[in-house]
Amino acid sequence: MAGDRRGWRVCLLGGAVFAVCMTGTTLPTPLYPLYQQKFGFSELTVTVVYAVYAFAVIGVLLLAGNASDAVGRRPVLLWGLGCAAASAVCFLSATGIGWLYAGRLLSGLSAGLFTGAATAYVMESAPPGGGSRATFVATAVNMGGLGCGPLLAGVLAQYAPWPLYLPFAVHLALVACSAAVLLWLPETVEERRPLRTVRPQRPGVPAGVRQVFGPAATAAFVGFSLFGVFTSVSPAFLAQSLDVTDHAVSGVVVALAFFASTGGQMAVGRVGVGRSLPLGCVWLLAGLALLAAALSWDLLILVVLSAVVGGFGQGLAFRGALSAVSGASPADRRAAVISSLFVVAYAGISVPVVGVGLLSEPMGLEGAGLVFIACMGALVVTAAGYLVRRPVATGV
């Protein structure tokens with residue numbers, strides 16, 4: 001019994017460190033309009049700054065996603081916290097757009113290092129028989145941390161002094177506390193190898209997995225694209241089209257999407273993997289429709305509803321996609337297939353977002369958003385239609 005309590009204590013503390021790191025990755029979201037006023041850059045620049053983060057995550061997942069299997073979880077997590085601290089310092093020192101690029105790059109490196117290593121640490125720390133609960137902890141702290149970033153920054157920017165500095169100073173303090181906690185926590189990898197033994201992971205999808213991977217990856221791409229638009233351009237839309245300049249409101253709207261995603265992932269246990277993917281596509285389509293209505297009619301309540309509905313659909317679809325492709329993959333190729341799914345997903349929060357930024361110059365933010373919604377809607381309808389005709393096997 002005492003061992004179980006200690007195991008859950010380690011599991012939850014590891015999850016808290018995970019949440020702190022992920023909070024930093026979305027911290028700048030409600031602050032972009034303030035940076036635009038200060039440095040005078042366009043909406044395209046906002047989307048490129050945001051996309052730098054996704055490219056950094058993809059690079060780490062491909063080049064060093066399996067590093068913690070060799071050198072241990074704690075060293076990789078400490079590197080991730082170091083990148084998170086360096087990112088906060090860049091934003092605290094920002095005197096031009098170059099600092100924002102550097103900060104987002106370092107933030108992406110921290111997220112890439114944490115994504116696999118922290119998830120594995122939380123699950124490995126749980127007592128025997130606690131795997132299911134540990135998976136929920138890892139999911140909740142990941143998405144919950146992403147949601148806390150804009151919420152924390154929005155509230156501090158609206159109701160406290162130094163809106164472009166205090167959020168990052170608070171996060172830097174949280175990172176320092178997390179490093180102290182991490183140094184106290186035990187290592188879970190027993191047999192460690194030198195860093196030089198780590199090799200880049202090569203994504204790949206075996207022929208027998210492609211029928212499942214195609215629609216699953218499409219749903220993941222659309223879901224992450226929706227998150228990308230919310231976290232990069234929704235503050236500007238709220239300010240320009242709805243005259244909502246309250247940074248706390250902007251932060252809450254974005255946070256709701258991530259919190260709803262956690263709810264969607266929790267619902268997979270009740271719905272089942274086989275039905276979660278097509279149902280996730282339906283919820284994603286409804287979220288896109290609500291976002292289109294919000295852009296057309298300039299109604300805040302529709303923006304909020306699109307965040308909740310779309311976020312729930314993203315959670316359903318992504319956890320269903322992850323379970324489906326994992327179950328369909330042979331054991332010796334599973335890591336490569338899952339890496340491929342994450343690469344597609346993170347491409348979703350970079351490429352379409354930059355497209356919205358490019359189109360916002362000639363078409364305006366609303367027009368660019370409607371083009372984005374039409375493209376994503378076509379993708380998700382195609383994926384849903386395929387899944388209805390050929391449901392995925394629940395697999396392993």
# chains A, B, ... in the order shown; residues from 1 in each chain; ligands from 1

$ residues_around --residues "segment 334-338 of chain A" --least-positions-apart "5" --cutoff "6 Å" --atoms "only C-alpha atoms" --output "list of chain:residue names"
A:Pro203, A:Gly204, A:Val205, A:Ser329

$ residues_around --residues "segment 17-22 of chain A" --least-positions-apart "2" --cutoff "9 Å" --atoms "only C-alpha atoms" --output "short mmCIF file (atom, residue, chain, number, x, y, z; two decimals) with all heavy atoms, in the first residue's frame"
data_model
loop_
_atom_site.label_atom_id
_atom_site.label_comp_id
_atom_site.auth_asym_id
_atom_site.auth_seq_id
_atom_site.Cartn_x
_atom_site.Cartn_y
_atom_site.Cartn_z
N LEU A 12 2.16 11.61 -10.21
CA LEU A 12 1.49 12.92 -10.24
C LEU A 12 2.49 14.06 -10.27
O LEU A 12 2.26 15.08 -10.95
CB LEU A 12 0.57 13.05 -9.03
CG LEU A 12 -0.64 12.11 -9.02
CD1 LEU A 12 -1.40 12.21 -7.71
CD2 LEU A 12 -1.56 12.40 -10.20
N LEU A 13 3.61 13.92 -9.56
CA LEU A 13 4.64 14.98 -9.62
C LEU A 13 5.26 15.05 -11.00
O LEU A 13 5.52 16.14 -11.52
CB LEU A 13 5.71 14.73 -8.56
CG LEU A 13 5.31 15.02 -7.10
CD1 LEU A 13 6.38 14.55 -6.14
CD2 LEU A 13 5.06 16.52 -6.93
N GLY A 14 5.50 13.88 -11.61
CA GLY A 14 5.99 13.88 -12.99
C GLY A 14 4.99 14.53 -13.93
O GLY A 14 5.36 15.29 -14.83
N GLY A 15 3.69 14.26 -13.69
CA GLY A 15 2.66 14.91 -14.50
C GLY A 15 2.63 16.41 -14.30
O GLY A 15 2.41 17.17 -15.26
N GLY A 24 4.08 26.51 -20.98
CA GLY A 24 4.94 27.51 -21.63
C GLY A 24 4.80 27.54 -23.14
O GLY A 24 5.01 28.59 -23.76
N THR A 25 4.38 26.41 -23.76
CA THR A 25 4.31 26.38 -25.22
C THR A 25 3.15 27.21 -25.77
O THR A 25 3.19 27.63 -26.93
CB THR A 25 4.18 24.93 -25.72
OG1 THR A 25 2.94 24.38 -25.28
CG2 THR A 25 5.32 24.07 -25.21
N THR A 26 2.10 27.44 -24.97
CA THR A 26 0.95 28.23 -25.44
C THR A 26 0.85 29.58 -24.71
O THR A 26 -0.11 30.32 -24.93
CB THR A 26 -0.37 27.46 -25.24
OG1 THR A 26 -0.44 26.99 -23.88
CG2 THR A 26 -0.44 26.26 -26.18
N LEU A 27 1.81 29.89 -23.89
CA LEU A 27 1.77 31.13 -23.11
C LEU A 27 1.66 32.39 -23.97
O LEU A 27 0.94 33.33 -23.61
CB LEU A 27 3.02 31.20 -22.22
CG LEU A 27 2.94 32.01 -20.92
CD1 LEU A 27 1.85 31.49 -20.01
CD2 LEU A 27 4.29 31.98 -20.21
N LEU A 77 14.23 15.14 -19.80
CA LEU A 77 13.27 16.10 -19.25
C LEU A 77 13.98 17.35 -18.73
O LEU A 77 13.47 18.47 -18.85
CB LEU A 77 12.45 15.45 -18.13
CG LEU A 77 11.55 14.29 -18.56
CD1 LEU A 77 10.82 13.70 -17.37
CD2 LEU A 77 10.55 14.74 -19.62
N GLY A 80 14.66 19.43 -21.64
CA GLY A 80 13.42 20.09 -22.03
C GLY A 80 13.12 21.29 -21.16
O GLY A 80 12.71 22.36 -21.67
N LEU A 81 13.32 21.17 -19.85
CA LEU A 81 13.11 22.32 -18.97
C LEU A 81 14.13 23.43 -19.25
O LEU A 81 13.80 24.61 -19.16
CB LEU A 81 13.22 21.88 -17.50
CG LEU A 81 12.05 21.04 -16.96
CD1 LEU A 81 12.33 20.64 -15.51
CD2 LEU A 81 10.73 21.81 -17.05
N ALA A 84 12.80 25.24 -22.16
CA ALA A 84 11.65 26.04 -21.74
C ALA A 84 12.10 27.32 -21.03
O ALA A 84 11.56 28.41 -21.25
CB ALA A 84 10.74 25.22 -20.83
N SER A 107 10.81 26.79 -27.50
CA SER A 107 9.58 26.21 -26.94
C SER A 107 9.23 24.91 -27.66
O SER A 107 8.82 23.93 -27.02
CB SER A 107 8.44 27.22 -27.05
OG SER A 107 7.29 26.76 -26.41
N SER A 110 11.52 22.18 -26.44
CA SER A 110 11.12 21.68 -25.12
C SER A 110 9.93 20.73 -25.24
O SER A 110 9.90 19.67 -24.61
CB SER A 110 10.80 22.85 -24.18
OG SER A 110 9.59 23.48 -24.53
N ALA A 111 8.94 21.10 -26.06
CA ALA A 111 7.76 20.24 -26.23
C ALA A 111 8.13 18.93 -26.90
O ALA A 111 7.63 17.85 -26.52
CB ALA A 111 6.70 20.97 -27.04
N PHE A 114 9.75 16.70 -24.36
CA PHE A 114 8.84 16.25 -23.31
C PHE A 114 7.79 15.28 -23.81
O PHE A 114 7.36 14.39 -23.07
CB PHE A 114 8.15 17.46 -22.66
CG PHE A 114 8.70 17.82 -21.31
CD1 PHE A 114 9.89 18.52 -21.21
CD2 PHE A 114 8.05 17.47 -20.15
CE1 PHE A 114 10.42 18.85 -19.98
CE2 PHE A 114 8.57 17.80 -18.91
CZ PHE A 114 9.76 18.50 -18.82
N THR A 115 7.33 15.42 -25.04
CA THR A 115 6.16 14.67 -25.52
C THR A 115 6.28 13.18 -25.26
O THR A 115 5.39 12.56 -24.66
CB THR A 115 5.93 14.94 -27.01
OG1 THR A 115 5.62 16.31 -27.20
CG2 THR A 115 4.77 14.10 -27.54
N ALA A 118 8.14 12.45 -21.16
CA ALA A 118 7.27 12.69 -20.00
C ALA A 118 6.09 11.73 -19.99
O ALA A 118 5.68 11.25 -18.93
CB ALA A 118 6.78 14.13 -20.00
N THR A 119 5.53 11.44 -21.16
CA THR A 119 4.43 10.47 -21.22
C THR A 119 4.90 9.11 -20.72
O THR A 119 4.23 8.45 -19.92
CB THR A 119 3.91 10.34 -22.66
OG1 THR A 119 3.43 11.62 -23.10
CG2 THR A 119 2.78 9.33 -22.74
N VAL A 122 5.48 9.23 -16.81
CA VAL A 122 4.24 9.18 -16.02
C VAL A 122 3.69 7.76 -16.00
O VAL A 122 3.26 7.25 -14.94
CB VAL A 122 3.21 10.16 -16.60
CG1 VAL A 122 1.83 9.93 -16.00
CG2 VAL A 122 3.65 11.59 -16.35
N ALA A 138 -1.39 11.28 -18.00
CA ALA A 138 -0.51 11.81 -19.04
C ALA A 138 -1.30 12.64 -20.05
O ALA A 138 -0.86 13.73 -20.47
CB ALA A 138 0.22 10.67 -19.75
N ALA A 140 -4.29 14.10 -19.55
CA ALA A 140 -4.88 15.28 -18.92
C ALA A 140 -3.86 16.38 -18.69
O ALA A 140 -4.14 17.56 -18.95
CB ALA A 140 -5.53 14.89 -17.60
N VAL A 141 -2.66 16.03 -18.23
CA VAL A 141 -1.67 17.07 -17.95
C VAL A 141 -1.11 17.66 -19.24
O VAL A 141 -0.75 18.85 -19.29
CB VAL A 141 -0.53 16.55 -17.05
CG1 VAL A 141 -1.06 16.11 -15.71
CG2 VAL A 141 0.25 15.42 -17.70
N ASN A 142 -1.07 16.85 -20.30
CA ASN A 142 -0.59 17.37 -21.58
C ASN A 142 -1.55 18.43 -22.11
O ASN A 142 -1.18 19.61 -22.30
CB ASN A 142 -0.46 16.21 -22.57
CG ASN A 142 0.25 16.62 -23.86
OD1 ASN A 142 0.39 17.80 -24.16
ND2 ASN A 142 0.69 15.64 -24.61
N MET A 143 -2.81 18.06 -22.34
CA MET A 143 -3.80 19.00 -22.86
C MET A 143 -4.15 20.07 -21.83
O MET A 143 -4.37 21.24 -22.18
CB MET A 143 -5.05 18.26 -23.30
CG MET A 143 -4.89 17.52 -24.61
SD MET A 143 -4.53 18.66 -25.98
CE MET A 143 -4.07 17.49 -27.26
N GLY A 144 -4.19 19.68 -20.55
CA GLY A 144 -4.49 20.67 -19.50
C GLY A 144 -3.41 21.73 -19.42
O GLY A 144 -3.70 22.92 -19.26
N GLY A 145 -2.14 21.32 -19.55
CA GLY A 145 -1.05 22.29 -19.56
C GLY A 145 -1.15 23.23 -20.74
O GLY A 145 -0.96 24.45 -20.61
N LEU A 146 -1.47 22.68 -21.92
CA LEU A 146 -1.64 23.53 -23.11
C LEU A 146 -2.76 24.55 -22.89
O LEU A 146 -2.68 25.69 -23.35
CB LEU A 146 -1.94 22.66 -24.32
CG LEU A 146 -0.79 21.78 -24.85
CD1 LEU A 146 -1.30 20.79 -25.88
CD2 LEU A 146 0.31 22.64 -25.45
N GLY A 147 -3.83 24.12 -22.21
CA GLY A 147 -4.94 25.04 -21.95
C GLY A 147 -4.60 26.09 -20.91
O GLY A 147 -5.09 27.22 -20.98
N CYS A 148 -3.76 25.72 -19.93
CA CYS A 148 -3.41 26.68 -18.87
C CYS A 148 -2.53 27.82 -19.37
O CYS A 148 -2.54 28.91 -18.78
CB CYS A 148 -2.70 25.95 -17.72
SG CYS A 148 -3.80 24.93 -16.73
N GLY A 149 -1.77 27.59 -20.45
CA GLY A 149 -0.89 28.64 -20.97
C GLY A 149 -1.62 29.92 -21.35
O GLY A 149 -1.35 30.99 -20.80
N HIS A 171 6.31 31.88 -15.42
CA HIS A 171 6.63 30.56 -15.97
C HIS A 171 8.07 30.17 -15.68
O HIS A 171 8.36 28.99 -15.39
CB HIS A 171 6.37 30.52 -17.47
CG HIS A 171 6.52 29.15 -18.05
ND1 HIS A 171 7.52 28.80 -18.93
CD2 HIS A 171 5.79 28.01 -17.84
CE1 HIS A 171 7.41 27.53 -19.24
NE2 HIS A 171 6.38 27.03 -18.61
N LEU A 174 8.14 28.79 -12.29
CA LEU A 174 7.56 27.45 -12.27
C LEU A 174 8.52 26.41 -12.85
O LEU A 174 8.61 25.27 -12.35
CB LEU A 174 6.25 27.43 -13.06
CG LEU A 174 5.08 28.20 -12.46
CD1 LEU A 174 3.90 28.25 -13.44
CD2 LEU A 174 4.63 27.56 -11.14
N VAL A 175 9.26 26.80 -13.89
CA VAL A 175 10.25 25.89 -14.48
C VAL A 175 11.36 25.58 -13.47
O VAL A 175 11.81 24.43 -13.34
CB VAL A 175 10.83 26.49 -15.77
CG1 VAL A 175 12.06 25.71 -16.24
CG2 VAL A 175 9.78 26.50 -16.87
N CYS A 177 11.12 25.60 -10.18
CA CYS A 177 10.54 24.68 -9.20
C CYS A 177 10.43 23.27 -9.77
O CYS A 177 10.70 22.27 -9.08
CB CYS A 177 9.17 25.16 -8.75
SG CYS A 177 9.18 26.72 -7.83
N SER A 178 10.05 23.17 -11.05
CA SER A 178 9.91 21.87 -11.69
C SER A 178 11.26 21.16 -11.79
O SER A 178 11.34 19.93 -11.62
CB SER A 178 9.31 22.03 -13.09
OG SER A 178 8.01 22.58 -13.02
N ALA A 179 12.33 21.92 -12.07
CA ALA A 179 13.66 21.31 -12.14
C ALA A 179 14.06 20.74 -10.78
O ALA A 179 14.63 19.65 -10.70
CB ALA A 179 14.67 22.35 -12.61
N VAL A 181 12.00 19.65 -8.46
CA VAL A 181 11.18 18.44 -8.27
C VAL A 181 11.76 17.28 -9.07
O VAL A 181 11.88 16.14 -8.59
CB VAL A 181 9.72 18.71 -8.66
CG1 VAL A 181 8.92 17.41 -8.72
CG2 VAL A 181 9.08 19.68 -7.70
N LEU A 182 12.13 17.55 -10.32
CA LEU A 182 12.63 16.51 -11.21
C LEU A 182 13.93 15.90 -10.69
O LEU A 182 14.17 14.69 -10.82
CB LEU A 182 12.83 17.08 -12.62
CG LEU A 182 13.10 16.09 -13.75
CD1 LEU A 182 11.98 15.06 -13.86
CD2 LEU A 182 13.24 16.85 -15.07
#

$ residues_around --residues "Gly315 of chain A" --least-positions-apart "4" --cutoff "10 Å" --atoms "only C-alpha atoms" --output "ChimeraX atom specification"
/A:139,143,220,223-224,257-268,276-277,280,283-284,310-311,319-321

$ closest_atom_pairs --of "segment 46-89 of chain A" --to "segment 184-200 of chain A" --cutoff "12 Å" --atoms "only C-alpha atoms" --output "CSV"
residue,atom,partner,partner_atom,distance
A:Ile58,CA,A:Pro200,CA,11.8
A:Gly59,CA,A:Pro200,CA,9.7
A:Val60,CA,A:Pro200,CA,9.1
A:Leu61,CA,A:Pro200,CA,8.6
A:Leu62,CA,A:Pro200,CA,5.8
A:Leu63,CA,A:Pro200,CA,4.2
A:Ala64,CA,A:Pro200,CA,6.0
A:Gly65,CA,A:Pro200,CA,7.7
A:Asn66,CA,A:Val198,CA,7.2
A:Ala67,CA,A:Val198,CA,5.8
A:Ser68,CA,A:Val189,CA,8.2
A:Asp69,CA,A:Val189,CA,7.1
A:Ala70,CA,A:Arg193,CA,4.8
A:Val71,CA,A:Arg192,CA,5.2
A:Gly72,CA,A:Val189,CA,5.3
A:Arg73,CA,A:Glu187,CA,6.6
A:Arg74,CA,A:Glu187,CA,6.1
A:Pro75,CA,A:Glu187,CA,9.1
A:Val76,CA,A:Leu195,CA,10.5
A:Leu77,CA,A:Glu187,CA,10.9
A:Leu78,CA,A:Leu185,CA,11.6

$ residues_around --residues "segment 373-377 of chain A" --least-positions-apart "2" --cutoff "7 Å" --atoms "only C-alpha atoms" --output "VMD selection string"
chain A and resid 222 285 288 292 369 to 371 379 to 381

$ residues_around --residues "Ala383 of chain A" --least-positions-apart "6" --cutoff "7 Å" --atoms "only C-alpha atoms" --output "list in words"
Pro215, Thr218 and Ala219 of chain A

$ residues_around --residues "segment 32-49 of chain A" --least-positions-apart "5" --cutoff "7 Å" --atoms "only C-alpha atoms" --output "NGL selection string"
:A and (96-97 or 100-101 or 104 or 232 or 235-236 or 353-354 or 357-358)

$ closest_residue --among "A:Val282, A:Val252, A:Ala293, A:Val89" --to "Thr382 of chain A" --atoms "only C-alpha atoms"
A:Val282

$ residues_around --residues "Asp243 of chain A" --least-positions-apart "5" --cutoff "12 Å" --atoms "only C-alpha atoms" --output "number ranges by chain"
A: 235-238, 249-250, 298-300

$ write_last_selection --atoms "N, CA, C and O atoms" --output "tab-separated table (two decimals), in the first residue's frame"
chain	number	residue	atom	x	y	z
A	235	PRO	N	-7.00	35.33	-31.31
A	235	PRO	CA	-6.94	36.61	-30.58
A	235	PRO	C	-7.09	37.82	-31.50
A	235	PRO	O	-7.77	38.79	-31.16
A	236	ALA	N	-6.47	37.74	-32.69
A	236	ALA	CA	-6.59	38.85	-33.64
A	236	ALA	C	-8.01	38.98	-34.16
A	236	ALA	O	-8.55	40.08	-34.30
A	237	PHE	N	-8.67	37.84	-34.44
A	237	PHE	CA	-10.06	37.89	-34.91
A	237	PHE	C	-10.97	38.48	-33.84
A	237	PHE	O	-11.84	39.31	-34.14
A	238	LEU	N	-10.78	38.07	-32.59
A	238	LEU	CA	-11.60	38.59	-31.50
A	238	LEU	C	-11.44	40.10	-31.38
A	238	LEU	O	-12.42	40.83	-31.15
A	249	VAL	N	-10.37	37.14	-21.78
A	249	VAL	CA	-11.39	36.47	-22.60
A	249	VAL	C	-10.74	35.70	-23.74
A	249	VAL	O	-11.08	34.55	-24.03
A	250	SER	N	-9.77	36.33	-24.39
A	250	SER	CA	-9.05	35.68	-25.47
A	250	SER	C	-8.37	34.41	-24.99
A	250	SER	O	-8.42	33.36	-25.65
A	298	ASP	N	-19.92	37.29	-36.92
A	298	ASP	CA	-19.21	38.03	-35.87
A	298	ASP	C	-19.88	37.90	-34.50
A	298	ASP	O	-20.21	38.89	-33.85
A	299	LEU	N	-20.09	36.65	-34.06
A	299	LEU	CA	-20.72	36.39	-32.77
A	299	LEU	C	-19.75	35.65	-31.86
A	299	LEU	O	-19.25	34.57	-32.21
A	300	LEU	N	-19.51	36.22	-30.68
A	300	LEU	CA	-18.57	35.62	-29.73
A	300	LEU	C	-19.04	34.25	-29.26
A	300	LEU	O	-18.24	33.32	-29.12

$ atom_distance --atom1 "atom CA of Leu183 of chain A" --atom2 "atom CA of Gly116 of chain A"
18.8 Å

$ closest_residue --among "A:Ser340, A:Ser306, A:Ser125, A:Thr23" --to "Phe221 of chain A" --atoms "only C-alpha atoms"
A:Ser340

$ select_by_dssp --residues "segment 122-328 of chain A" --states "alpha helix (DSSP H)" --output "MDAnalysis selection string"
chainID A and resid 122:125 131:159 166:184 210:241 247:271 273:297 300:328

$ closest_residue --among "A:Ala102, A:Leu359, A:Ala85, A:Ala248" --to "Pro163 of chain A" --atoms "only C-alpha atoms"
A:Ala248

$ closest_residue --among "A:Ala324, A:Val253, A:Ala347, A:Val303" --to "Pro150 of chain A" --atoms "only C-alpha atoms"
A:Val253

$ atom_distance --atom1 "atom CA of Phe342 of chain A" --atom2 "atom CA of Arg389 of chain A"
25.1 Å

$ atom_distance --atom1 "atom CA of Gly251 of chain A" --atom2 "atom CA of Pro161 of chain A"
16.7 Å
